[in-house]
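Down below is the structure, laid out as structure tokens.
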Amino acid sequence: MAKITNGEIKEAAINLVRTTKEHFKQLRYEMGIETDWKKAESVYYSRYRENQFTTGTLFTHVERIVPKMDKAIFPPDGEWFEARPKDVNNELQQTEADRATRLLTRQSDEINLRSKLIPVYRSLGIYGTSFVKYFWNRQEKEVYKRIDGERVKDYEVTFDNPDFYSPSVWDVYIDPKDENLEGALVEELISDYSDLYAKRIHEDDEGDEIGIYDPKELVTLKDHFITINPDGDKEDSDIIKGVGEHRWSPNDQKVIVDHYWGPVPKWFLTRKNEDKETGEMIQNAYIVVGGSPKGSALLLLIDNPFDHQSKPFLKSTYIKCPGKAYGIGIINPTSIYLSDAYDVTILQGIKNRSFNLKTKWKVDRNANIHKDQLIDSDGAIIETDDMNGLEPIVAPDMTATIAAHAQILKNDLEQNTGALPFLAGIPAGRSLERTAEGVATLTAGGLERFELVITGFEQDVLIPLIVGFWKLNQQFLPEGRDIRETGTSIVRVIPEDIPFDDFNIIFVGIREIADKNFKVGALNIMMQSPLIQLLVQTGQLNMKPAAFRLLKLLGQGDLINEMDISQENMMEQSPEGEAQLLMAGRKVKVDLDDNHEAYIQVYQQILSQAGLPDNVRQNTIEAMNKRTQAMDIINLINQREGSIQSEQPSREV
């Protein structure tokens with residue numbers, strides 16, 4: 001049996017990628033998905049559509065939701081997520097969860113995660129669907145160093161973190177019925193040839209082989225540089241966005257590159273005829289094809305390069321549609337219809353006013369009035385032989401009726417999109433919104449729909465993205481990274497030693513969005529109540545817990561520690577004070593940074609006393625066990641740090 005040749009594999013792989021991409025594109029065209037996208041773009045960008053200019057009403061609705069989503073995820077106090085151990089009583093898991101949270105938070109800040117999510121929210125509002133791709137971003141630059149007076153070239157790592165971006169819905173091709181991205185996916189990119197060439201397989205200065213793309217195939221791409229995107233539907237989309245006349249210069253050397261993730265025939269990788277005959281498939285493979293409609297090159301064909309063996313893509317929808325991969329956004333067919341009706345109504349009002357401003361006349365033919373005298377101009381004189389032969393035509397003033405109809409349509413539009421005014425901090429003028437109780441009631445009701453959207457986004461994108469970052473850390477950052485823990489201490493986090501399956505990801509802002517505004521309003525009402533004020537003045541009620549809760553909801557939780565200087569908190573700062581609390585039957589808190597030996601010595605003195613109450617003895621033993629566990633954790637951390645420092649650093653490629 002003849003051996004499978006490289007040319008046969010190349011032809012079959014390119015054909016698989018191209019036909020899959022064209023098939024998915026044709027499906028979404030026939031299902032009207034691309035038509036809906038272009039309609040949504042024309043409304044959002046306020047471009048001419050069907051010979052009329054849109055008012056951009058739906059632009060405002062989208063931009064009401066975008067900042068609200070940002071605020072819901074990122075509360076003012078800066079602590080927007082945390083990893084919590086599934087076993088809350090496991091002190092070691094708690095310590096590892098805290099360190100994982102700190103490392104991921106720092107990495108998120110370094111990649112500007114908050115600002116990169118903004119296009120994702122906007123895509124959800126416009127198209128109803130958004131994609132996210134995460135990857136490991138390692139960047140190096142050439143530098144020169146002086147070694148023994150000689151100028152030597154070296155490489156310096158400038159960035160080494162997990163990262164992500166949001167590709168356009170136009171550039172990601174999936175089966176329109178693939179709700180969970182389980183099948184094939186093709187991402188189209190317009191890439192610089194120089195960037196591709198830099199990743200060719202070659203030897204570095206030390207003779208080590210680096211790179212991923214086939215250098216022979218890269219050479220053929222020089223005949224396939226593009227100046228325009230050959231996709232006509234994308235060109236229509238660019239026209240709507242206002243960049244339809246854009247062209248690349250031939251000197252830019254742009255190439256269309258398709259990245260395929262999904263199932264491939266097993267013989268593509270094994271090159272065995274028996275696998276070709278059986279038709280067995282490999283579910284997770286990665287193919288990169290570059291070129292243009294004139295010809296293509298197979299740059300890469302490998303198994304999934306990630307240890308987690310999943311596609312590095314996430315998808316979210318604003319409103320989920322059963323059985324469809326694509327969702328419904330703020331801009332949807334109904335909202336577009338209502339927006340059109342609103343535009344027409346406003347235009348009718350303008351025309352009505354214009355008609356009355358431009359005077360029109362009824363003239364008796366026998367009044368001997370020349371038509372040139374009836375032209376609308378300042379200081380005009382109309383000569384007539386019959387004063388009753390001239391009468392102005394005044395159309396009924398429909399301004400009030402049209403304004404009322406426009407308001408009805410505007411309210412219907414807001415109800416359809418869910419982008420109600422108070423989500424943007426805009427009062428609608430109703431009397432109910434002039435009181436704290438009214439605001440709290442309306443906001444709580446309005447947030448129910450928004451809560452559903454943000455909860456779905458959390459489950460589809462945010463949690464998988466953080467977990468994906470950690471899995472990339474485990475694969476590409478095994479040597480660990482130094483972070484500042486508490487005070488001045490610096491510890492090293494080793495992701496590969498911390499199984500993320502032991503943790504739950506909690507987004508602080510999203511957890512409280514459903515009732516945050518309602519609680520703020522309710523607390524304000526309670527604190528301003530005359531009865532509550534009377535109870536506080538007479539000493540029958542302590543409002544400190546309510547005030548602290550209000551501070552936390554407002555994102556000022558860091559002020560609580562400065563204000564809550566209670567006697568018990570002060571007593572816990574010393575072993576002697578803690579002993580007094582234990583003797584009073586109280587339970588005490590354990591801080592990992594305490595001098596545990598000194599506290600344990602005091603505990604032993606308490607336990608040596610005769611006739612000790614059972615609750616005091618039990619609380620003291622419990623505190624002693626916690627401090628013993630804390631000491632074990634500190635010793636384990638020190639051992640890890642010592643083993644890491646003893647290892648010699650190796651050069652990364």
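Convention: chains lettered A, B, ... in structure tokens order; per-chain residue numbering from 1; ligands numbered from 1 as shown.
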
- Message: Give me the residues near Arg102 of chain A as a PyMOL selection string, where near means some atom within 12 Å (using only C-alpha atoms) and where sequence neighbours in that chain fewer than 6 positions away do not count.
- Response: chain A and resi 79-83+95-96+108-109+470+481-486+490-493+495

Tell me, as a CSV table (one decimal) with all heavy atoms, in the first residue's frame, which residues lie within 12 Å of segment 501-508 of chain A, counting only C-alpha atoms; anything in the same chain fewer than 6 positions away does not count.
chain,number,residue,atom,x,y,z
A,71,LYS,N,-19.5,48.2,35.7
A,71,LYS,CA,-19.7,48.5,37.1
A,71,LYS,C,-20.1,47.2,37.9
A,71,LYS,O,-19.8,47.1,39.1
A,71,LYS,CB,-20.7,49.6,37.4
A,71,LYS,CG,-20.0,51.0,37.2
A,71,LYS,CD,-19.0,51.2,38.2
A,71,LYS,CE,-18.4,52.6,38.1
A,71,LYS,NZ,-17.3,52.9,39.1
A,72,ALA,N,-21.0,46.4,37.3
A,72,ALA,CA,-21.5,45.2,37.9
A,72,ALA,C,-20.3,44.2,38.2
A,72,ALA,O,-20.3,43.5,39.2
A,72,ALA,CB,-22.6,44.5,37.1
A,73,ILE,N,-19.3,44.2,37.3
A,73,ILE,CA,-18.2,43.2,37.4
A,73,ILE,C,-17.1,43.8,38.3
A,73,ILE,O,-16.5,43.1,39.1
A,73,ILE,CB,-17.7,42.8,36.0
A,73,ILE,CG1,-18.8,42.1,35.2
A,73,ILE,CG2,-16.5,41.9,36.1
A,73,ILE,CD1,-18.5,41.9,33.8
A,74,PHE,N,-16.8,45.1,38.1
A,74,PHE,CA,-15.7,45.7,38.8
A,74,PHE,C,-16.3,46.7,39.8
A,74,PHE,O,-16.5,47.9,39.5
A,74,PHE,CB,-14.8,46.4,37.8
A,74,PHE,CG,-14.2,45.5,36.9
A,74,PHE,CD1,-14.8,45.3,35.6
A,74,PHE,CD2,-13.0,44.7,37.2
A,74,PHE,CE1,-14.2,44.4,34.7
A,74,PHE,CE2,-12.5,43.9,36.2
A,74,PHE,CZ,-13.1,43.7,35.0
A,75,PRO,N,-16.5,46.3,41.1
A,75,PRO,CA,-17.0,47.3,42.1
A,75,PRO,C,-15.9,48.3,42.5
A,75,PRO,O,-14.7,48.1,42.2
A,75,PRO,CB,-17.3,46.3,43.3
A,75,PRO,CG,-16.4,45.1,43.1
A,75,PRO,CD,-16.3,45.0,41.6
A,76,PRO,N,-16.3,49.4,43.1
A,76,PRO,CA,-15.4,50.5,43.4
A,76,PRO,C,-14.2,50.1,44.3
A,76,PRO,O,-13.2,50.8,44.2
A,76,PRO,CB,-16.3,51.6,44.0
A,76,PRO,CG,-17.6,51.2,43.6
A,76,PRO,CD,-17.7,49.8,43.5
A,77,ASP,N,-14.4,49.1,45.1
A,77,ASP,CA,-13.3,48.8,46.1
A,77,ASP,C,-12.1,48.1,45.5
A,77,ASP,O,-11.1,47.9,46.1
A,77,ASP,CB,-13.8,48.1,47.3
A,77,ASP,CG,-14.5,46.8,46.9
A,77,ASP,OD1,-14.4,46.4,45.7
A,77,ASP,OD2,-15.1,46.1,47.8
A,78,GLY,N,-12.2,47.7,44.2
A,78,GLY,CA,-11.1,47.1,43.5
A,78,GLY,C,-11.0,45.6,43.6
A,78,GLY,O,-10.3,44.9,42.8
A,79,GLU,N,-11.7,45.0,44.6
A,79,GLU,CA,-11.7,43.5,44.7
A,79,GLU,C,-12.8,42.9,44.0
A,79,GLU,O,-13.9,42.8,44.5
A,79,GLU,CB,-11.7,43.1,46.2
A,79,GLU,CG,-10.5,43.7,47.0
A,79,GLU,CD,-10.6,43.2,48.5
A,79,GLU,OE1,-11.6,42.5,48.9
A,79,GLU,OE2,-9.7,43.6,49.2
A,80,TRP,N,-12.6,42.5,42.7
A,80,TRP,CA,-13.7,42.2,41.8
A,80,TRP,C,-13.9,40.7,41.7
A,80,TRP,O,-14.9,40.2,41.3
A,80,TRP,CB,-13.4,42.7,40.4
A,80,TRP,CG,-12.1,42.3,39.8
A,80,TRP,CD1,-10.9,42.8,40.1
A,80,TRP,CD2,-11.9,41.4,38.8
A,80,TRP,NE1,-9.9,42.2,39.3
A,80,TRP,CE2,-10.6,41.3,38.5
A,80,TRP,CE3,-12.8,40.5,38.1
A,80,TRP,CZ2,-10.0,40.5,37.5
A,80,TRP,CZ3,-12.3,39.7,37.1
A,80,TRP,CH2,-10.9,39.7,36.8
A,81,PHE,N,-12.9,39.8,42.1
A,81,PHE,CA,-13.1,38.4,42.2
A,81,PHE,C,-12.2,37.8,43.2
A,81,PHE,O,-11.2,38.4,43.7
A,81,PHE,CB,-12.9,37.8,40.8
A,81,PHE,CG,-11.5,37.3,40.6
A,81,PHE,CD1,-11.1,36.0,40.8
A,81,PHE,CD2,-10.5,38.2,40.2
A,81,PHE,CE1,-9.8,35.5,40.6
A,81,PHE,CE2,-9.2,37.7,40.0
A,81,PHE,CZ,-8.9,36.4,40.2
A,82,GLU,N,-12.5,36.6,43.6
A,82,GLU,CA,-11.7,35.8,44.5
A,82,GLU,C,-11.9,34.3,44.3
A,82,GLU,O,-13.0,33.9,43.9
A,82,GLU,CB,-12.0,36.2,46.0
A,82,GLU,CG,-13.4,35.9,46.5
A,82,GLU,CD,-13.6,36.2,47.9
A,82,GLU,OE1,-12.6,36.2,48.7
A,82,GLU,OE2,-14.8,36.5,48.3
A,83,ALA,N,-10.8,33.6,44.6
A,83,ALA,CA,-10.9,32.1,44.6
A,83,ALA,C,-11.1,31.6,46.0
A,83,ALA,O,-10.4,32.0,46.9
A,83,ALA,CB,-9.6,31.5,44.0
A,84,ARG,N,-12.2,30.8,46.2
A,84,ARG,CA,-12.5,30.3,47.5
A,84,ARG,C,-12.3,28.8,47.5
A,84,ARG,O,-12.8,28.1,46.6
A,84,ARG,CB,-13.9,30.7,47.9
A,84,ARG,CG,-14.1,32.2,48.1
A,84,ARG,CD,-15.5,32.4,48.6
A,84,ARG,NE,-15.8,33.9,48.9
A,84,ARG,CZ,-16.9,34.4,49.2
A,84,ARG,NH1,-18.0,33.6,49.3
A,84,ARG,NH2,-17.1,35.7,49.4
A,85,PRO,N,-11.8,28.2,48.6
A,85,PRO,CA,-11.6,26.8,48.6
A,85,PRO,C,-13.0,26.1,48.8
A,85,PRO,O,-13.8,26.6,49.5
A,85,PRO,CB,-10.7,26.6,49.8
A,85,PRO,CG,-10.9,27.8,50.7
A,85,PRO,CD,-11.2,28.9,49.7
A,86,LYS,N,-13.1,25.0,48.1
A,86,LYS,CA,-14.3,24.2,48.3
A,86,LYS,C,-14.4,23.6,49.7
A,86,LYS,O,-15.5,23.5,50.3
A,86,LYS,CB,-14.4,23.1,47.3
A,86,LYS,CG,-14.5,23.6,45.9
A,86,LYS,CD,-14.6,22.5,44.9
A,86,LYS,CE,-14.8,23.0,43.4
A,86,LYS,NZ,-14.8,21.9,42.4
A,87,ASP,N,-13.3,23.3,50.3
A,87,ASP,CA,-13.2,22.9,51.7
A,87,ASP,C,-12.9,24.1,52.6
A,87,ASP,O,-11.7,24.5,52.7
A,87,ASP,CB,-12.2,21.8,51.9
A,87,ASP,CG,-12.2,21.2,53.3
A,87,ASP,OD1,-13.0,21.7,54.1
A,87,ASP,OD2,-11.4,20.3,53.6
A,88,VAL,N,-13.9,24.8,53.1
A,88,VAL,CA,-13.6,26.0,53.9
A,88,VAL,C,-12.8,25.8,55.1
A,88,VAL,O,-12.3,26.7,55.7
A,88,VAL,CB,-15.0,26.7,54.2
A,88,VAL,CG1,-15.7,27.1,52.9
A,88,VAL,CG2,-15.9,25.7,55.0
A,90,ASN,N,-10.2,23.9,55.3
A,90,ASN,CA,-8.8,23.5,55.0
A,90,ASN,C,-7.9,24.8,54.9
A,90,ASN,O,-8.1,25.6,53.9
A,90,ASN,CB,-8.8,22.8,53.6
A,90,ASN,CG,-7.4,22.1,53.3
A,90,ASN,OD1,-6.4,22.7,53.5
A,90,ASN,ND2,-7.5,20.9,52.8
A,92,LEU,N,-4.7,25.1,54.4
A,92,LEU,CA,-3.8,25.1,53.3
A,92,LEU,C,-4.4,25.6,52.0
A,92,LEU,O,-3.9,26.4,51.2
A,92,LEU,CB,-3.1,23.8,53.1
A,92,LEU,CG,-2.1,23.6,52.0
A,92,LEU,CD1,-1.0,24.6,52.1
A,92,LEU,CD2,-1.6,22.2,51.9
A,93,GLN,N,-5.6,25.0,51.7
A,93,GLN,CA,-6.4,25.4,50.5
A,93,GLN,C,-6.7,26.9,50.6
A,93,GLN,O,-6.7,27.6,49.5
A,93,GLN,CB,-7.6,24.6,50.4
A,93,GLN,CG,-7.4,23.2,49.8
A,93,GLN,CD,-8.7,22.5,49.5
A,93,GLN,OE1,-9.8,23.1,49.5
A,93,GLN,NE2,-8.6,21.2,49.2
A,94,GLN,N,-7.1,27.4,51.7
A,94,GLN,CA,-7.4,28.8,51.8
A,94,GLN,C,-6.2,29.7,51.5
A,94,GLN,O,-6.3,30.7,50.8
A,94,GLN,CB,-7.9,29.1,53.3
A,94,GLN,CG,-8.3,30.6,53.5
A,94,GLN,CD,-9.4,31.0,52.6
A,94,GLN,OE1,-10.5,30.4,52.7
A,94,GLN,NE2,-9.2,32.0,51.7
A,95,THR,N,-5.0,29.3,52.0
A,95,THR,CA,-3.8,30.1,51.7
A,95,THR,C,-3.5,30.0,50.2
A,95,THR,O,-3.1,31.0,49.6
A,95,THR,CB,-2.6,29.5,52.5
A,95,THR,OG1,-2.9,29.6,53.9
A,95,THR,CG2,-1.3,30.3,52.2
A,96,GLU,N,-3.6,28.8,49.6
A,96,GLU,CA,-3.3,28.7,48.2
A,96,GLU,C,-4.3,29.5,47.4
A,96,GLU,O,-4.0,30.1,46.3
A,96,GLU,CB,-3.3,27.2,47.8
A,96,GLU,CG,-2.1,26.4,48.4
A,96,GLU,CD,-2.2,25.0,48.0
A,96,GLU,OE1,-3.3,24.5,47.7
A,96,GLU,OE2,-1.1,24.3,48.0
A,97,ALA,N,-5.6,29.5,47.8
A,97,ALA,CA,-6.6,30.2,47.1
A,97,ALA,C,-6.3,31.7,47.1
A,97,ALA,O,-6.5,32.4,46.1
A,97,ALA,CB,-8.0,29.9,47.7
A,98,ASP,N,-5.9,32.2,48.3
A,98,ASP,CA,-5.6,33.6,48.4
A,98,ASP,C,-4.4,34.0,47.5
A,98,ASP,O,-4.4,35.1,46.9
A,98,ASP,CB,-5.2,33.9,49.9
A,98,ASP,CG,-6.4,33.8,50.8
A,98,ASP,OD1,-7.5,33.9,50.3
A,98,ASP,OD2,-6.2,33.7,52.0
A,99,ARG,N,-3.4,33.1,47.4
A,99,ARG,CA,-2.3,33.5,46.6
A,99,ARG,C,-2.6,33.4,45.1
A,99,ARG,O,-2.1,34.2,44.3
A,99,ARG,CB,-1.1,32.5,46.9
A,99,ARG,CG,-0.6,32.7,48.3
A,99,ARG,CD,0.6,31.9,48.6
A,99,ARG,NE,1.2,32.3,49.9
A,99,ARG,CZ,2.4,31.8,50.3
A,99,ARG,NH1,3.1,31.0,49.6
A,99,ARG,NH2,2.8,32.2,51.5
A,100,ALA,N,-3.5,32.4,44.7
A,100,ALA,CA,-3.9,32.3,43.3
A,100,ALA,C,-4.7,33.6,43.0
A,100,ALA,O,-4.6,34.1,41.9
A,100,ALA,CB,-4.8,31.1,43.1
A,101,THR,N,-5.5,34.0,43.9
A,101,THR,CA,-6.3,35.3,43.7
A,101,THR,C,-5.4,36.4,43.4
A,101,THR,O,-5.6,37.3,42.5
A,101,THR,CB,-7.2,35.6,44.8
A,101,THR,OG1,-8.1,34.5,45.0
A,101,THR,CG2,-8.0,36.8,44.6
A,104,LEU,N,-3.5,36.1,39.9
A,104,LEU,CA,-4.4,36.3,38.8
A,104,LEU,C,-4.9,37.8,38.8
A,104,LEU,O,-5.1,38.4,37.7
A,104,LEU,CB,-5.6,35.4,38.9
A,104,LEU,CG,-5.4,33.9,38.6
A,104,LEU,CD1,-6.5,33.1,39.0
A,104,LEU,CD2,-5.1,33.7,37.1
A,454,ILE,N,-26.1,39.5,33.2
A,454,ILE,CA,-24.8,39.5,33.7
A,454,ILE,C,-24.4,38.1,34.4
A,454,ILE,O,-23.3,37.7,34.4
A,454,ILE,CB,-24.7,40.6,34.8
A,454,ILE,CG1,-23.2,41.0,35.0
A,454,ILE,CG2,-25.4,40.3,36.1
A,454,ILE,CD1,-22.5,41.7,33.9
A,455,THR,N,-25.4,37.4,34.9
A,455,THR,CA,-25.2,36.1,35.4
A,455,THR,C,-24.8,35.1,34.3
A,455,THR,O,-23.8,34.3,34.5
A,455,THR,CB,-26.4,35.5,36.1
A,455,THR,OG1,-26.7,36.4,37.2
A,455,THR,CG2,-26.1,34.2,36.7
A,457,PHE,N,-23.3,36.0,31.5
A,457,PHE,CA,-22.0,36.4,31.1
A,457,PHE,C,-20.9,35.9,32.1
A,457,PHE,O,-19.8,35.5,31.6
A,457,PHE,CB,-21.9,37.9,31.0
A,457,PHE,CG,-20.6,38.4,30.5
A,457,PHE,CD1,-20.3,38.3,29.1
A,457,PHE,CD2,-19.7,39.1,31.3
A,457,PHE,CE1,-19.1,38.8,28.6
A,457,PHE,CE2,-18.5,39.6,30.8
A,457,PHE,CZ,-18.2,39.4,29.5
A,458,GLU,N,-21.2,35.9,33.3
A,458,GLU,CA,-20.3,35.3,34.3
A,458,GLU,C,-20.0,33.9,34.1
A,458,GLU,O,-18.9,33.4,34.1
A,458,GLU,CB,-20.9,35.5,35.7
A,458,GLU,CG,-20.0,34.9,36.8
A,458,GLU,CD,-20.7,34.9,38.2
A,458,GLU,OE1,-22.0,35.0,38.2
A,458,GLU,OE2,-20.1,34.7,39.2
A,459,GLN,N,-21.1,33.1,33.8
A,459,GLN,CA,-20.9,31.6,33.7
A,459,GLN,C,-20.3,31.3,32.3
A,459,GLN,O,-19.5,30.3,32.2
A,459,GLN,CB,-22.3,30.9,33.8
A,459,GLN,CG,-23.0,31.1,35.1
A,459,GLN,CD,-22.2,30.4,36.2
A,459,GLN,OE1,-21.6,29.4,36.1
A,459,GLN,NE2,-22.2,31.1,37.4
A,462,LEU,N,-16.6,34.9,32.2
A,462,LEU,CA,-15.7,35.4,33.2
A,462,LEU,C,-15.1,34.2,34.0
A,462,LEU,O,-13.8,34.2,34.2
A,462,LEU,CB,-16.5,36.3,34.2
A,462,LEU,CG,-16.9,37.6,33.6
A,462,LEU,CD1,-17.7,38.4,34.7
A,462,LEU,CD2,-15.7,38.4,33.1
A,463,ILE,N,-15.9,33.3,34.5
A,463,ILE,CA,-15.3,32.2,35.3
A,463,ILE,C,-14.4,31.3,34.4
A,463,ILE,O,-13.3,31.0,34.7
A,463,ILE,CB,-16.5,31.3,35.9
A,463,ILE,CG1,-17.1,32.2,37.0
A,463,ILE,CG2,-15.9,30.0,36.5
A,463,ILE,CD1,-18.3,31.5,37.7
A,464,PRO,N,-14.9,30.9,33.2
A,464,PRO,CA,-14.0,30.1,32.3
A,464,PRO,C,-12.7,30.8,31.9
A,464,PRO,O,-11.7,30.2,31.7
A,464,PRO,CB,-14.9,29.8,31.1
A,464,PRO,CG,-16.3,29.9,31.5
A,464,PRO,CD,-16.2,31.0,32.6
A,465,LEU,N,-12.8,32.2,31.8
A,465,LEU,CA,-11.6,32.9,31.4
A,465,LEU,C,-10.6,32.9,32.6
A,465,LEU,O,-9.4,32.7,32.3
A,465,LEU,CB,-12.0,34.4,31.1
A,465,LEU,CG,-10.8,35.3,30.7
A,465,LEU,CD1,-10.2,34.8,29.4
A,465,LEU,CD2,-11.3,36.7,30.5
A,466,ILE,N,-11.0,33.1,33.8
A,466,ILE,CA,-10.1,33.0,34.9
A,466,ILE,C,-9.5,31.6,35.1
A,466,ILE,O,-8.3,31.5,35.3
A,466,ILE,CB,-10.8,33.5,36.2
A,466,ILE,CG1,-11.2,34.9,36.1
A,466,ILE,CG2,-9.9,33.3,37.4
A,466,ILE,CD1,-10.1,35.9,36.0
A,467,VAL,N,-10.3,30.6,34.9
A,467,VAL,CA,-9.9,29.2,35.0
A,467,VAL,C,-8.9,28.9,33.9
A,467,VAL,O,-7.8,28.3,34.1
A,467,VAL,CB,-11.0,28.2,35.0
A,467,VAL,CG1,-10.5,26.8,34.9
A,467,VAL,CG2,-11.9,28.4,36.2
A,468,GLY,N,-9.2,29.5,32.7
A,468,GLY,CA,-8.3,29.3,31.5
A,468,GLY,C,-7.0,30.0,31.8
A,468,GLY,O,-5.9,29.4,31.4
A,470,TRP,N,-5.5,30.3,34.7
A,470,TRP,CA,-4.8,29.5,35.6
A,470,TRP,C,-4.2,28.3,35.0
A,470,TRP,O,-3.1,27.9,35.3
A,470,TRP,CB,-5.7,29.1,36.8
A,470,TRP,CG,-4.8,28.6,37.9
A,470,TRP,CD1,-4.8,27.3,38.3
A,470,TRP,CD2,-4.0,29.3,38.8
A,470,TRP,NE1,-3.9,27.1,39.4
A,470,TRP,CE2,-3.4,28.3,39.7
A,470,TRP,CE3,-3.6,30.6,38.9
A,470,TRP,CZ2,-2.5,28.7,40.6
A,470,TRP,CZ3,-2.7,31.0,39.9
A,470,TRP,CH2,-2.2,30.0,40.7
A,471,LYS,N,-4.9,27.7,34.1
A,471,LYS,CA,-4.4,26.5,33.4
A,471,LYS,C,-3.2,26.9,32.5
A,471,LYS,O,-2.3,26.1,32.3
A,471,LYS,CB,-5.5,25.8,32.5
A,471,LYS,CG,-6.6,25.2,33.4
A,471,LYS,CD,-7.7,24.6,32.6
A,471,LYS,CE,-8.7,23.9,33.5
A,471,LYS,NZ,-9.8,23.3,32.7
A,514,ALA,N,-28.0,41.8,42.2
A,514,ALA,CA,-29.4,41.7,42.2
A,514,ALA,C,-30.1,42.5,43.3
A,514,ALA,O,-31.2,43.0,43.1
A,514,ALA,CB,-29.8,40.2,42.4
A,516,LYS,N,-28.1,45.0,45.3
A,516,LYS,CA,-27.3,46.0,45.9
A,516,LYS,C,-28.0,47.4,45.9
A,516,LYS,O,-28.1,48.0,47.0
A,516,LYS,CB,-26.0,46.2,45.0
A,516,LYS,CG,-25.1,47.3,45.4
A,516,LYS,CD,-23.9,47.4,44.6
A,516,LYS,CE,-23.0,48.5,45.0
A,516,LYS,NZ,-21.8,48.6,44.2
A,552,LYS,N,-20.0,48.9,52.8
A,552,LYS,CA,-19.6,47.8,51.9
A,552,LYS,C,-20.3,47.8,50.6
A,552,LYS,O,-19.7,47.6,49.5
A,552,LYS,CB,-19.8,46.4,52.7
A,552,LYS,CG,-19.2,45.2,51.9
A,552,LYS,CD,-19.4,44.0,52.7
A,552,LYS,CE,-18.8,42.8,51.9
A,552,LYS,NZ,-19.0,41.5,52.7
A,553,LEU,N,-21.6,48.0,50.6
A,553,LEU,CA,-22.4,48.1,49.4
A,553,LEU,C,-22.0,49.2,48.5
A,553,LEU,O,-22.1,49.2,47.3
A,553,LEU,CB,-23.9,48.2,49.7
A,553,LEU,CG,-24.6,46.9,50.3
A,553,LEU,CD1,-26.0,47.2,50.8
A,553,LEU,CD2,-24.6,45.8,49.2
A,555,GLY,N,-19.0,50.2,48.2
A,555,GLY,CA,-17.7,50.0,47.7
A,555,GLY,C,-16.6,50.7,48.6
A,555,GLY,O,-15.5,50.9,48.2

- Message: For segment 259-267 of chain A, find every residue with an atom within 8 Å (counting only C-alpha atoms), except residues of its own chain fewer than 6 positions away, and show them as an MDAnalysis selection string.
- Response: chainID A and resid 17 183:189 273 275:276 279:289 311

- Enumerate, as a ChimeraX atom specification, the complete set of residues in segment 109-325 of chain A that a backbone-based DSSP assignment places in alpha helix (DSSP H). /A:109-110,113-127,193-198,215-220,232-241,267-270,273-278

Any chance you can output those residues with C-alpha atoms as a tab-separated table (two decimals), in the first residue's frame?
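The result, written out as part-v5.tsv:
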chain	number	residue	atom	x	y	z
A	109	ASP	CA	-4.16	44.38	35.87
A	110	GLU	CA	-1.05	43.97	33.70
A	113	LEU	CA	-8.44	43.15	31.49
A	114	ARG	CA	-11.10	45.67	32.46
A	115	SER	CA	-10.67	47.81	29.36
A	116	LYS	CA	-10.37	44.75	27.09
A	117	LEU	CA	-13.78	43.53	28.23
A	118	ILE	CA	-15.53	46.69	27.02
A	119	PRO	CA	-15.66	45.55	23.34
A	120	VAL	CA	-17.12	42.26	24.58
A	121	TYR	CA	-20.04	44.05	26.28
A	122	ARG	CA	-20.58	46.20	23.19
A	123	SER	CA	-20.60	43.18	20.88
A	124	LEU	CA	-23.21	41.56	23.12
A	125	GLY	CA	-25.43	44.61	22.84
A	126	ILE	CA	-25.09	45.07	19.07
A	127	TYR	CA	-24.91	41.52	17.72
A	193	TYR	CA	3.72	38.42	6.85
A	194	SER	CA	6.62	39.60	9.01
A	195	ASP	CA	4.86	38.35	12.15
A	196	LEU	CA	4.31	34.95	10.55
A	197	TYR	CA	7.89	34.79	9.34
A	198	ALA	CA	9.19	35.56	12.83
A	215	PRO	CA	9.31	27.93	6.56
A	216	LYS	CA	8.86	26.36	3.09
A	217	GLU	CA	5.15	27.08	3.13
A	218	LEU	CA	5.75	30.65	4.33
A	219	VAL	CA	7.71	31.38	1.15
A	220	THR	CA	4.66	30.65	-1.00
A	232	GLY	CA	-18.27	41.01	0.11
A	233	ASP	CA	-20.43	40.83	3.26
A	234	LYS	CA	-17.57	42.07	5.40
A	235	GLU	CA	-17.03	44.88	2.90
A	236	ASP	CA	-20.70	45.88	3.33
A	237	SER	CA	-20.18	45.84	7.08
A	238	ASP	CA	-17.11	48.07	6.74
A	239	ILE	CA	-19.13	50.55	4.66
A	240	ILE	CA	-21.72	50.78	7.44
A	241	LYS	CA	-18.97	51.29	10.02
A	267	TRP	CA	-4.42	9.98	9.38
A	268	PHE	CA	-3.58	13.71	9.09
A	269	LEU	CA	-1.29	13.23	12.09
A	270	THR	CA	-0.36	9.54	11.99
A	273	ASN	CA	-3.28	4.26	5.53
A	274	GLU	CA	-5.11	2.01	8.01
A	275	ASP	CA	-6.31	5.12	9.89
A	276	LYS	CA	-7.48	6.60	6.59
A	277	GLU	CA	-9.46	3.47	5.79
A	278	THR	CA	-11.15	3.33	9.21

- Task: Identify, on the basis of only C-alpha atoms, every residue whose closest approach to segment 154-161 of chain A does not exceed 9 Å; exclude the query and any residue fewer than 2 positions from it along the same chain; express the result as a ChimeraX atom specification.
- Result: /A:107-108,110-111,135-145,152,163,469,472-473,476-477

- Assign secondary structure with DSSP using the backbone only, and return the residues of segment 287-341 of chain A in strand (DSSP E or B) as a PyMOL selection string. chain A and resi 287-292+295-303+313-317+319+328

- Message: Which residues are near segment 294-296 of chain A? Cut-off 8 Å, only C-alpha atoms, ignore same chain within fewer than 5 positions. Put them as an MDAnalysis selection string.
- Response: chainID A and resid 14 221 224 289
